[in-house]
Structure formats: structure tokens, C-alpha cells
$ cat my_file.cif   # mmCIF, C-alpha atoms
data_final
loop_
_atom_site.group_PDB
_atom_site.id
_atom_site.type_symbol
_atom_site.label_atom_id
_atom_site.label_comp_id
_atom_site.auth_asym_id
_atom_site.auth_seq_id
_atom_site.Cartn_x
_atom_site.Cartn_y
_atom_site.Cartn_z
ATOM 1 C CA MET F 1 0.000 0.000 0.000
ATOM 2 C CA THR F 2 1.389 3.429 -0.937
ATOM 3 C CA LEU F 3 1.013 6.249 1.572
ATOM 4 C CA GLN F 4 -0.021 9.572 0.053
ATOM 5 C CA PRO F 5 1.104 12.879 1.648
ATOM 6 C CA THR F 6 -1.642 14.872 3.281
ATOM 7 C CA ALA F 7 -2.621 18.375 2.188
ATOM 8 C CA GLY F 8 -0.880 19.895 5.232
ATOM 9 C CA GLN F 9 2.369 18.089 4.464
ATOM 10 C CA LEU F 10 2.212 19.249 0.848
ATOM 11 C CA ALA F 11 1.648 22.857 1.976
ATOM 12 C CA SER F 12 4.539 22.778 4.453
ATOM 13 C CA SER F 13 6.869 21.271 1.873
ATOM 14 C CA LYS F 14 5.970 24.023 -0.561
ATOM 15 C CA ASP F 15 6.690 26.733 2.055
ATOM 16 C CA GLU F 16 10.228 25.444 2.763
ATOM 17 C CA PRO F 17 12.769 27.166 0.523
ATOM 18 C CA VAL F 18 14.866 24.904 -1.608
ATOM 19 C CA LYS F 19 18.553 25.708 -1.246
ATOM 20 C CA SER F 20 20.487 25.876 -4.442
ATOM 21 C CA ALA F 21 23.909 24.337 -4.871
ATOM 22 C CA GLY F 22 25.584 27.760 -4.657
ATOM 23 C CA GLU F 23 24.125 28.439 -1.198
ATOM 24 C CA TRP F 24 25.897 25.394 0.234
ATOM 25 C CA ARG F 25 29.306 26.613 -0.852
ATOM 26 C CA LEU F 26 31.706 28.246 1.586
ATOM 27 C CA ASP F 27 31.787 32.016 1.659
ATOM 28 C CA TRP F 28 35.424 32.360 0.661
ATOM 29 C CA TRP F 29 35.319 36.161 0.735
ATOM 30 C CA SER F 30 34.256 36.154 4.398
ATOM 31 C CA ILE F 31 36.936 33.606 5.243
ATOM 32 C CA ALA F 32 39.572 35.676 3.424
ATOM 33 C CA ALA F 33 38.532 38.753 5.431
ATOM 34 C CA VAL F 34 38.865 36.917 8.760
ATOM 35 C CA VAL F 35 42.108 35.035 8.064
ATOM 36 C CA PRO F 36 44.480 38.054 8.483
ATOM 37 C CA ALA F 37 43.009 38.824 11.922
ATOM 38 C CA ILE F 38 43.383 35.170 12.948
ATOM 39 C CA VAL F 39 46.998 35.101 11.730
ATOM 40 C CA VAL F 40 47.853 38.274 13.669
ATOM 41 C CA LEU F 41 46.162 36.900 16.813
ATOM 42 C CA LEU F 42 48.033 33.603 16.537
ATOM 43 C CA GLY F 43 51.264 35.516 16.021
ATOM 44 C CA PHE F 44 50.719 37.522 19.202
ATOM 45 C CA LEU F 45 49.815 34.396 21.146
ATOM 46 C CA PHE F 46 52.931 32.616 19.879
ATOM 47 C CA LEU F 47 55.191 35.506 20.909
ATOM 48 C CA PHE F 48 53.478 35.750 24.291
ATOM 49 C CA PHE F 49 53.853 32.070 25.130
ATOM 50 C CA TYR F 50 57.386 32.024 23.717
ATOM 51 C CA GLY F 51 58.237 34.900 26.075
ATOM 52 C CA ILE F 52 56.886 32.879 29.003
ATOM 53 C CA PHE F 53 58.939 29.877 27.885
ATOM 54 C CA GLN F 54 62.031 32.055 27.522
ATOM 55 C CA SER F 55 61.578 33.337 31.073
ATOM 56 C CA LEU F 56 61.938 29.738 32.283
ATOM 57 C CA THR F 57 65.349 29.306 30.625
ATOM 58 C CA ASP F 58 68.901 30.552 31.196
ATOM 59 C CA PHE F 59 69.066 31.984 27.667
ATOM 60 C CA ARG F 60 71.945 34.450 27.267
ATOM 61 C CA PHE F 61 73.478 35.937 24.159
ATOM 62 C CA GLY F 62 76.477 33.890 23.011
ATOM 63 C CA ARG F 63 75.570 30.821 25.047
ATOM 64 C CA PRO F 64 75.260 27.841 22.656
ATOM 65 C CA LEU F 65 73.047 25.735 24.925
ATOM 66 C CA VAL F 66 69.827 26.823 26.592
ATOM 67 C CA HIS F 67 68.540 24.955 29.640
ATOM 68 C CA LEU F 68 65.224 25.037 31.401
ATOM 69 C CA VAL F 69 65.703 26.490 34.870
ATOM 70 C CA GLY F 70 62.068 26.681 35.933
ATOM 71 C CA PHE F 71 61.293 29.623 38.203
ATOM 72 C CA ASN F 72 64.932 30.322 39.079
ATOM 73 C CA ASN F 73 64.868 33.632 37.198
ATOM 74 C CA TYR F 74 61.841 34.783 39.165
ATOM 75 C CA ALA F 75 63.335 33.620 42.473
ATOM 76 C CA ALA F 76 66.575 35.481 41.736
ATOM 77 C CA LEU F 77 64.701 38.653 40.803
ATOM 78 C CA ILE F 78 62.550 38.923 43.900
ATOM 79 C CA LYS F 79 65.662 38.651 46.075
ATOM 80 C CA THR F 80 67.214 41.798 44.586
ATOM 81 C CA GLU F 81 66.522 45.357 45.712
ATOM 82 C CA ASP F 82 66.699 46.557 42.082
ATOM 83 C CA PHE F 83 63.603 44.528 41.241
ATOM 84 C CA TRP F 84 61.531 45.969 44.094
ATOM 85 C CA SER F 85 62.764 49.437 43.248
ATOM 86 C CA SER F 86 61.470 48.909 39.701
ATOM 87 C CA VAL F 87 58.103 47.678 41.000
ATOM 88 C CA ARG F 88 57.752 50.780 43.185
ATOM 89 C CA ALA F 89 58.759 53.046 40.314
ATOM 90 C CA THR F 90 56.260 51.356 37.972
ATOM 91 C CA LEU F 91 53.353 51.638 40.399
ATOM 92 C CA SER F 92 54.254 55.208 41.390
ATOM 93 C CA TYR F 93 54.525 56.377 37.804
ATOM 94 C CA ALA F 94 51.286 54.734 36.660
ATOM 95 C CA GLY F 95 49.272 55.657 39.752
ATOM 96 C CA LEU F 96 50.304 59.328 39.811
ATOM 97 C CA ALA F 97 49.952 59.787 36.055
ATOM 98 C CA VAL F 98 46.465 58.263 35.845
ATOM 99 C CA LEU F 99 45.198 60.125 38.922
ATOM 100 C CA VAL F 100 46.434 63.548 37.777
ATOM 101 C CA GLU F 101 45.245 62.965 34.213
ATOM 102 C CA ALA F 102 41.778 62.011 35.447
ATOM 103 C CA ILE F 103 41.513 65.210 37.528
ATOM 104 C CA PHE F 104 42.760 67.536 34.789
ATOM 105 C CA GLY F 105 40.819 65.633 32.118
ATOM 106 C CA LEU F 106 37.611 66.119 34.101
ATOM 107 C CA ALA F 107 38.334 69.831 34.452
ATOM 108 C CA LEU F 108 39.029 70.200 30.728
ATOM 109 C CA ALA F 109 35.916 68.218 29.787
ATOM 110 C CA LYS F 110 33.814 70.457 32.012
ATOM 111 C CA LEU F 111 35.384 73.488 30.345
ATOM 112 C CA PHE F 112 34.675 72.101 26.866
ATOM 113 C CA ALA F 113 31.031 71.593 27.814
ATOM 114 C CA THR F 114 30.682 75.362 28.186
ATOM 115 C CA GLU F 115 30.597 78.013 25.468
ATOM 116 C CA VAL F 116 33.349 80.244 26.800
ATOM 117 C CA PHE F 117 35.951 81.570 24.390
ATOM 118 C CA LEU F 118 38.798 79.554 25.950
ATOM 119 C CA ALA F 119 36.888 76.311 25.366
ATOM 120 C CA ARG F 120 36.329 77.103 21.687
ATOM 121 C CA LEU F 121 40.009 78.009 21.385
ATOM 122 C CA MET F 122 41.329 74.802 22.989
ATOM 123 C CA ARG F 123 39.035 72.224 21.366
ATOM 124 C CA PRO F 124 40.890 72.054 18.010
ATOM 125 C CA VAL F 125 44.356 71.742 19.581
ATOM 126 C CA ILE F 126 43.728 69.578 22.644
ATOM 127 C CA LEU F 127 44.440 66.337 20.777
ATOM 128 C CA LEU F 128 47.754 67.467 19.287
ATOM 129 C CA PRO F 129 49.927 65.868 22.037
ATOM 130 C CA LEU F 130 48.260 62.496 21.381
ATOM 131 C CA VAL F 131 49.316 62.411 17.723
ATOM 132 C CA LEU F 132 52.990 63.082 18.454
ATOM 133 C CA PRO F 133 55.324 60.039 18.570
ATOM 134 C CA PRO F 134 56.297 59.291 22.194
ATOM 135 C CA MET F 135 60.010 59.423 21.405
ATOM 136 C CA SER F 136 59.563 62.869 19.843
ATOM 137 C CA VAL F 137 57.752 63.985 22.985
ATOM 138 C CA ALA F 138 60.592 62.600 25.110
ATOM 139 C CA LEU F 139 63.282 64.394 23.120
ATOM 140 C CA MET F 140 61.325 67.660 23.111
ATOM 141 C CA TRP F 141 60.843 67.634 26.879
ATOM 142 C CA THR F 142 64.438 66.558 27.490
ATOM 143 C CA THR F 143 65.542 69.702 25.677
ATOM 144 C CA MET F 144 63.089 71.926 27.561
ATOM 145 C CA MET F 145 64.109 70.419 30.917
ATOM 146 C CA ASP F 146 67.820 70.964 30.451
ATOM 147 C CA PRO F 147 69.047 72.417 33.785
ATOM 148 C CA GLN F 148 71.330 74.957 32.127
ATOM 149 C CA ASN F 149 69.745 75.963 28.831
ATOM 150 C CA GLY F 150 66.192 74.612 29.023
ATOM 151 C CA ILE F 151 63.295 76.969 28.412
ATOM 152 C CA LEU F 152 61.434 75.761 31.510
ATOM 153 C CA ASN F 153 64.130 77.011 33.861
ATOM 154 C CA TYR F 154 64.272 80.267 31.914
ATOM 155 C CA LEU F 155 60.528 80.766 32.412
ATOM 156 C CA LEU F 156 60.889 79.960 36.118
ATOM 157 C CA SER F 157 63.688 82.532 36.415
ATOM 158 C CA LEU F 158 61.336 85.220 35.108
ATOM 159 C CA VAL F 159 59.176 84.817 38.225
ATOM 160 C CA GLY F 160 62.135 84.567 40.590
ATOM 161 C CA ILE F 161 62.269 80.763 40.983
ATOM 162 C CA SER F 162 65.746 79.218 41.050
ATOM 163 C CA ARG F 163 66.849 76.550 38.609
ATOM 164 C CA PHE F 164 65.000 73.240 38.882
ATOM 165 C CA ALA F 165 66.854 69.954 38.385
ATOM 166 C CA TRP F 166 63.976 68.247 36.523
ATOM 167 C CA ILE F 167 65.173 64.867 35.146
ATOM 168 C CA SER F 168 68.785 65.217 36.286
ATOM 169 C CA ASP F 169 68.016 64.734 39.996
ATOM 170 C CA PRO F 170 66.740 61.427 41.472
ATOM 171 C CA THR F 171 64.339 63.291 43.755
ATOM 172 C CA THR F 172 62.630 65.193 40.928
ATOM 173 C CA ALA F 173 63.013 62.813 37.968
ATOM 174 C CA MET F 174 59.804 60.851 38.619
ATOM 175 C CA PHE F 175 57.829 64.067 39.055
ATOM 176 C CA SER F 176 59.191 65.297 35.724
ATOM 177 C CA LEU F 177 58.206 62.083 33.932
ATOM 178 C CA VAL F 178 54.690 62.252 35.349
ATOM 179 C CA LEU F 179 54.487 65.849 34.127
ATOM 180 C CA ILE F 180 55.396 64.737 30.605
ATOM 181 C CA ASP F 181 52.851 61.924 30.700
ATOM 182 C CA VAL F 182 50.138 64.284 31.978
ATOM 183 C CA TRP F 183 50.864 66.785 29.210
ATOM 184 C CA THR F 184 50.671 64.033 26.605
ATOM 185 C CA TYR F 185 47.643 62.000 27.673
ATOM 186 C CA THR F 186 45.321 64.292 29.638
ATOM 187 C CA SER F 187 43.467 65.024 26.410
ATOM 188 C CA PHE F 188 42.535 61.322 26.200
ATOM 189 C CA PHE F 189 40.665 61.608 29.491
ATOM 190 C CA ALA F 190 39.158 64.930 28.464
ATOM 191 C CA LEU F 191 37.795 63.515 25.216
ATOM 192 C CA ILE F 192 36.093 60.510 26.833
ATOM 193 C CA ILE F 193 34.698 62.462 29.791
ATOM 194 C CA PHE F 194 33.433 65.188 27.462
ATOM 195 C CA ALA F 195 31.532 62.510 25.532
ATOM 196 C CA GLY F 196 29.981 61.380 28.813
ATOM 197 C CA LEU F 197 28.943 64.927 29.711
ATOM 198 C CA GLN F 198 27.347 65.388 26.306
ATOM 199 C CA GLY F 199 25.306 62.234 26.880
ATOM 200 C CA ILE F 200 23.624 63.594 30.018
ATOM 201 C CA ASN F 201 20.033 64.625 29.340
ATOM 202 C CA ASP F 202 19.446 68.333 29.874
ATOM 203 C CA GLU F 203 16.176 67.481 31.598
ATOM 204 C CA VAL F 204 18.164 65.921 34.452
ATOM 205 C CA ARG F 205 20.110 69.147 34.971
ATOM 206 C CA GLU F 206 16.959 71.220 34.710
ATOM 207 C CA ALA F 207 15.222 69.062 37.329
ATOM 208 C CA ALA F 208 18.175 69.596 39.660
ATOM 209 C CA ARG F 209 17.982 73.363 39.167
ATOM 210 C CA VAL F 210 14.259 73.350 39.854
ATOM 211 C CA ASN F 211 14.954 71.549 43.134
ATOM 212 C CA GLY F 212 17.398 74.287 44.117
ATOM 213 C CA ALA F 213 20.715 72.699 43.143
ATOM 214 C CA LYS F 214 23.290 75.292 42.076
ATOM 215 C CA GLY F 215 26.245 74.778 39.736
ATOM 216 C CA TRP F 216 28.603 72.973 42.125
ATOM 217 C CA ALA F 217 25.828 70.806 43.600
ATOM 218 C CA THR F 218 24.622 69.851 40.115
ATOM 219 C CA PHE F 219 28.141 68.828 39.150
ATOM 220 C CA ARG F 220 28.826 66.908 42.364
ATOM 221 C CA TYR F 221 25.552 65.028 42.724
ATOM 222 C CA ILE F 222 24.351 64.742 39.110
ATOM 223 C CA GLU F 223 27.123 65.045 36.541
ATOM 224 C CA LEU F 224 30.036 63.450 38.408
ATOM 225 C CA PRO F 225 28.212 60.185 39.268
ATOM 226 C CA LEU F 226 26.939 59.905 35.688
ATOM 227 C CA VAL F 227 30.367 60.395 34.106
ATOM 228 C CA ALA F 228 32.175 58.220 36.680
ATOM 229 C CA PRO F 229 31.959 55.115 34.404
ATOM 230 C CA TYR F 230 33.548 57.147 31.600
ATOM 231 C CA ILE F 231 36.363 58.249 33.907
ATOM 232 C CA LEU F 232 37.014 54.670 34.958
ATOM 233 C CA ILE F 233 36.973 53.212 31.450
ATOM 234 C CA ALA F 234 39.500 55.855 30.395
ATOM 235 C CA ALA F 235 41.529 55.007 33.509
ATOM 236 C CA VAL F 236 41.580 51.320 32.496
ATOM 237 C CA PHE F 237 43.214 52.082 29.145
ATOM 238 C CA ARG F 238 45.612 54.638 30.587
ATOM 239 C CA LEU F 239 46.593 52.360 33.481
ATOM 240 C CA ILE F 240 47.462 49.556 31.072
ATOM 241 C CA GLU F 241 49.574 51.880 28.952
ATOM 242 C CA SER F 242 51.233 53.605 31.916
ATOM 243 C CA LEU F 243 52.269 50.314 33.512
ATOM 244 C CA ASN F 244 53.852 49.367 30.176
ATOM 245 C CA GLN F 245 55.332 52.798 29.469
ATOM 246 C CA PHE F 246 58.764 52.624 27.879
ATOM 247 C CA ASP F 247 59.259 55.262 25.172
ATOM 248 C CA ILE F 248 58.877 58.426 27.257
ATOM 249 C CA ILE F 249 60.915 57.081 30.182
ATOM 250 C CA PHE F 250 63.737 55.586 28.146
ATOM 251 C CA GLY F 251 63.840 58.588 25.811
ATOM 252 C CA THR F 252 64.315 61.015 28.715
ATOM 253 C CA THR F 253 66.105 59.320 31.610
ATOM 254 C CA GLN F 254 66.880 55.752 30.440
ATOM 255 C CA GLY F 255 65.925 54.659 33.935
ATOM 256 C CA GLY F 256 68.117 57.164 35.747
ATOM 257 C CA PRO F 257 69.430 59.083 37.520
ATOM 258 C CA GLY F 258 70.573 55.974 39.318
ATOM 259 C CA ASP F 259 67.558 53.681 39.376
ATOM 260 C CA SER F 260 64.996 56.318 40.323
ATOM 261 C CA THR F 261 62.940 55.890 37.136
ATOM 262 C CA ALA F 262 63.888 52.324 36.162
ATOM 263 C CA VAL F 263 60.363 50.961 35.734
ATOM 264 C CA LEU F 264 59.936 47.276 34.909
ATOM 265 C CA SER F 265 59.791 47.774 31.132
ATOM 266 C CA VAL F 266 63.019 49.789 31.137
ATOM 267 C CA ARG F 267 64.666 47.357 33.566
ATOM 268 C CA ALA F 268 63.717 44.451 31.300
ATOM 269 C CA TYR F 269 65.254 46.214 28.287
ATOM 270 C CA ILE F 270 68.491 46.887 30.173
ATOM 271 C CA VAL F 271 68.731 43.312 31.458
ATOM 272 C CA ALA F 272 67.901 41.721 28.108
ATOM 273 C CA PHE F 273 69.600 43.964 25.552
ATOM 274 C CA GLN F 274 72.427 45.559 27.514
ATOM 275 C CA ASN F 275 73.289 42.769 29.940
ATOM 276 C CA LEU F 276 72.247 40.171 27.294
ATOM 277 C CA ALA F 277 70.388 38.055 29.876
ATOM 278 C CA PHE F 278 67.311 37.399 27.749
ATOM 279 C CA GLY F 279 65.804 34.799 30.058
ATOM 280 C CA ARG F 280 65.824 37.107 33.065
ATOM 281 C CA GLY F 281 64.632 40.029 30.940
ATOM 282 C CA ALA F 282 61.689 37.932 29.768
ATOM 283 C CA ALA F 283 60.898 37.105 33.400
ATOM 284 C CA LEU F 284 60.724 40.821 34.177
ATOM 285 C CA MET F 285 58.262 41.374 31.330
ATOM 286 C CA VAL F 286 56.089 38.477 32.495
ATOM 287 C CA ILE F 287 55.959 40.017 35.973
ATOM 288 C CA ASN F 288 55.093 43.364 34.397
ATOM 289 C CA TRP F 289 52.301 41.652 32.459
ATOM 290 C CA LEU F 290 50.935 40.110 35.676
ATOM 291 C CA ILE F 291 50.865 43.538 37.340
ATOM 292 C CA VAL F 292 49.038 44.979 34.321
ATOM 293 C CA LEU F 293 46.556 42.093 34.399
ATOM 294 C CA VAL F 294 45.793 42.537 38.099
ATOM 295 C CA GLY F 295 45.500 46.317 37.779
ATOM 296 C CA ALA F 296 43.239 46.152 34.726
ATOM 297 C CA PHE F 297 41.042 43.473 36.304
ATOM 298 C CA ALA F 298 40.615 45.561 39.469
ATOM 299 C CA MET F 299 39.726 48.669 37.449
ATOM 300 C CA VAL F 300 37.195 46.765 35.341
ATOM 301 C CA LYS F 301 35.550 45.382 38.492
ATOM 302 C CA LEU F 302 35.353 48.917 39.894
ATOM 303 C CA TRP F 303 33.906 50.167 36.607
ATOM 304 C CA ARG F 304 31.188 47.509 36.665
ATOM 305 C CA PHE F 305 30.320 48.346 40.263
ATOM 306 C CA VAL F 306 30.049 52.084 39.544
ATOM 307 C CA ARG F 307 28.081 51.469 36.357
ATOM 308 C CA GLN F 308 25.526 49.370 38.259
ATOM 309 C CA ARG F 309 25.175 52.098 40.897
ATOM 310 C CA VAL F 310 24.418 54.845 38.370
ATOM 311 C CA SER F 311 22.278 52.791 35.978
#

$ encode --input "my_file.cif" --output "C-alpha cells"
Amino acid sequence: MTLQPTAGQLASSKDEPVKSAGEWRLDWWSIAAVVPAIVVLLGFLFLFFYGIFQSLTDFRFGRPLVHLVGFNNYAALIKTEDFWSSVRATLSYAGLAVLVEAIFGLALAKLFATEVFLARLMRPVILLPLVLPPMSVALMWTTMMDPQNGILNYLLSLVGISRFAWISDPTTAMFSLVLIDVWTYTSFFALIIFAGLQGINDEVREAARVNGAKGWATFRYIELPLVAPYILIAAVFRLIESLNQFDIIFGTTQGGPGDSTAVLSVRAYIVAFQNLAFGRGAALMVINWLIVLVGAFAMVKLWRFVRQRVS
């Protein structure tokens, strides 16, 4: 006996589209667009894991044989005062730079949100420091901070202030580097915070004014909590970059005077490419990466917490 399809089955079969042979073929154009990104990602992962492997070896330039030494490089590093000095310098530089940039960036963003003449004058030029190569910034500021012939000391002399040592004194070198970083990257904070201020509904401000809130109260209780997530997300990116900062520091002080500005990235360069101890230099960079990871994770957790509070 032959079973005949019912009317409902015939209708459903007619509604189902019939795929042609071309639709079953691979989308080679999409694959070709994704392959370069996958290759770059795999390349970064290979270099990252190779760096970790190298940190577990006694690899030195000119040594024909390389042996696995496990965590000996790390154990030797944490026993030296130079390593802890570099950790303190790294955390001090990143913490001070990000904090000062957040404060000045918030002030600039608030200024840009107004219609005063100074705001209109500064908007087109505020991003200029960001587009300059870091090494060019370092060389420019090194010239300006020259204790004898630098323009900064000349300007200070006009107001009766004696010569400042800037980057040539261990007690002022870190302050000088933070100043350079603030000049370069404050505009990054200002741009992101300004975007957050522009996203605040004017009705919220108007409601605060109706309830008697004046300018400072409106900023403190309305605008600041609403832009706090923007401040923190900018701080995440700047913290990552500041903990990895190399160009500005090496281009100005090369880790000196003494070891006062020898952050972990600069220390790793000196150990690997000047002392030719590549295994120990790789160990320093892995430790630097762990510090960046912990710092970024903590900032992201704080950002999520603040975002939930203001949402």
C-alpha cells in the first residue's frame, strides 16, 4: 500500500525554501577577510607564550646551549633590591599619572562643555599631544628640561624661581616624567569624559535646578556620578599603557638618575639587551604583564560596580 502525503504536508513542503547548490558553498570572501586577523592573533599568542617559555630558561646571548631552569629567574629577581625598586617606580609612575590625568581631564571636559571663548580656542588643539610620537615627545621635553639651557628654567627665572633639576636629579626625575605623561595624555581623558557629559540629558540638569541645586551641587551630585563610568573606562586604558610605558621614560632618563625611574619595562630592556640576559629580561616582562593584568582586572571590576550604581 502506498502512503499519500496529506494536504498539510504538501503545503509545508511548498513553504520550505529549496537551497540551491551555490548556497551550500563556503563564503570564501568572508573567510579571506577573517584570516588576516586570525593570523595576527596567533602571532601575538605565539610571541606571548614564547616569552613565558624564555623566562623559564637561562638563555643568554652567546651561550650555545639553553637549559630550562624553571622559576629560578623569578626567584633570583625577587631577592634583589633593584627589582623591588622597579616595581615601586612602575606603580608610582602609573598611579600618579592616571590620577592627575583624570583630575585635569575632568576639568578640561567640564570646560569644553561650556561656550566660553577659551573652550572654543582649545578644542581644536587639545588632541595634538596624542598624535605626536612618544620618542619625539621625550626628546622635546628633554631639551626643555635641560638644567642649564632649558626653556622651563628660563621661564621659572622670570618669576624669581631658582633653577629646577627636573630629570637630572633622582628626587625630581619621577615628578618630571609624570608631568610629561600628563601633558601628553590628559586630552585622552578629556575627550572621553566630554563625551559622557554630552550624553547627560538636559532634563536631568533642569530638574536639579528646579529643586534648588546650584552649579557645584549639580556637578557633584548629578554630573560626576553619571560620568564616573567614563572616567574609569579611560583610567583602564591609561593604566594599562602607563604600567607598560617605555618610550617616554627611556627617551628622557633611560631609567636614571641611578635607578629612580627604572620601571619594569626599562629594567627588562636593560637586562635583556644591555646585559644580554634574555631569560631574566623575559621574566621581568612576564611580571610586568601580571601587574598589568591585576590592575586592569581591578579597574574593570570597579567600573562595573560604579556602572551598576548609576544605571

$ closest_atom_pairs --input "my_file.cif" --of "region 204-267 of chain F" --to "region 181-192 of chain F" --cutoff "9 Å" --atoms "all atoms listed in the file" --output "CSV"
residue,atom,partner,partner_atom,distance
F:Tyr230,CA,F:Ile192,CA,6.4
F:Ile231,CA,F:Phe189,CA,7.0
F:Ile233,CA,F:Ile192,CA,8.7
F:Ala234,CA,F:Phe189,CA,5.9
F:Ala235,CA,F:Phe189,CA,7.8
F:Arg238,CA,F:Tyr185,CA,8.2
F:Ser242,CA,F:Asp181,CA,8.6
F:Ile248,CA,F:Asp181,CA,7.8

$ write_last_selection --input "my_file.cif" --atoms "C-alpha atoms" --output "PDB file, in the frame of the given file"
ATOM      1  CA  TYR F 230      33.548  57.147  31.600  1.00  0.00           C
ATOM      2  CA  ILE F 231      36.363  58.249  33.907  1.00  0.00           C
ATOM      3  CA  ILE F 233      36.973  53.212  31.450  1.00  0.00           C
ATOM      4  CA  ALA F 234      39.500  55.855  30.395  1.00  0.00           C
ATOM      5  CA  ALA F 235      41.529  55.007  33.509  1.00  0.00           C
ATOM      6  CA  ARG F 238      45.612  54.638  30.587  1.00  0.00           C
ATOM      7  CA  SER F 242      51.233  53.605  31.916  1.00  0.00           C
ATOM      8  CA  ILE F 248      58.877  58.426  27.257  1.00  0.00           C
TER       9      ILE F 248
END

$ closest_atom_pairs --input "my_file.cif" --of "region 160-219 of chain F" --to "region 69-91 of chain F" --cutoff "12 Å" --atoms "all atoms listed in the file" --output "tab-separated table"
residue	atom	partner	partner_atom	distance
F:Pro170	CA	F:Ala89	CA	11.6
F:Ala173	CA	F:Ala89	CA	10.9
F:Met174	CA	F:Ala89	CA	8.1
F:Phe175	CA	F:Ala89	CA	11.1
F:Leu177	CA	F:Ala89	CA	11.1
F:Val178	CA	F:Ala89	CA	11.2

$ atom_distance --input "my_file.cif" --atom1 "CA of Leu158 (chain F)" --atom2 "CA of Thr172 (chain F)"
20.9 Å

$ closest_residue --input "my_file.cif" --among "F:Leu239, F:Phe278, F:Thr252, F:Val204" --to "Val300 (chain F)" --atoms "all atoms listed in the file"
F:Leu239

$ residues_around --input "my_file.cif" --residues "Pro225 (chain F)" --least-positions-apart "4" --cutoff "9 Å" --atoms "all atoms listed in the file" --output "list in words"
Phe219, Arg220, Tyr221, Pro229, Val306, Arg309 and Val310 of chain F

$ residues_around --input "my_file.cif" --residues "Lys110 (chain F)" --least-positions-apart "2" --cutoff "9 Å" --atoms "all atoms listed in the file" --output "PDB file with C-alpha atoms, in the frame of the given file"
ATOM      1  CA  GLY F 105      40.819  65.633  32.118  1.00  0.00           C
ATOM      2  CA  LEU F 106      37.611  66.119  34.101  1.00  0.00           C
ATOM      3  CA  ALA F 107      38.334  69.831  34.452  1.00  0.00           C
ATOM      4  CA  LEU F 108      39.029  70.200  30.728  1.00  0.00           C
ATOM      5  CA  PHE F 112      34.675  72.101  26.866  1.00  0.00           C
ATOM      6  CA  ALA F 113      31.031  71.593  27.814  1.00  0.00           C
ATOM      7  CA  THR F 114      30.682  75.362  28.186  1.00  0.00           C
ATOM      8  CA  ALA F 190      39.158  64.930  28.464  1.00  0.00           C
ATOM      9  CA  ILE F 193      34.698  62.462  29.791  1.00  0.00           C
ATOM     10  CA  PHE F 194      33.433  65.188  27.462  1.00  0.00           C
ATOM     11  CA  LEU F 197      28.943  64.927  29.711  1.00  0.00           C
TER      12      LEU F 197
END

$ atom_distance --input "my_file.cif" --atom1 "CA of Ile180 (chain F)" --atom2 "CA of Pro133 (chain F)"
12.9 Å

$ axis_aligned_box --input "my_file.cif" --around "region 125-139 of chain F" --padding-each-side "6 Å" --output "lines of an AutoDock Vina configuration file"
center_x = 53.5
center_y = 65.5
center_z = 21.4
size_x = 31.6
size_y = 24.5
size_z = 19.4

$ resolve_selection --input "my_file.cif" --expression "the PyMOL selection byres ((chain F and resi 139) around 12)" --output "number ranges by chain"
F: 132-138, 140-146, 180, 247-254

$ atom_distance --input "my_file.cif" --atom1 "CA of Leu41 (chain F)" --atom2 "CA of Ala296 (chain F)"
20.4 Å

$ residues_around --input "my_file.cif" --residues "region 286-290 of chain F" --least-positions-apart "6" --cutoff "9 Å" --atoms "all atoms listed in the file" --output "PyMOL selection string"
chain F and resi 51-52+55+74+87+90+243-244+264-265

$ closest_residue --input "my_file.cif" --among "F:Gln245, F:Asn201, F:Ser168, F:Ser157" --to "Val292 (chain F)" --atoms "all atoms listed in the file"
F:Gln245
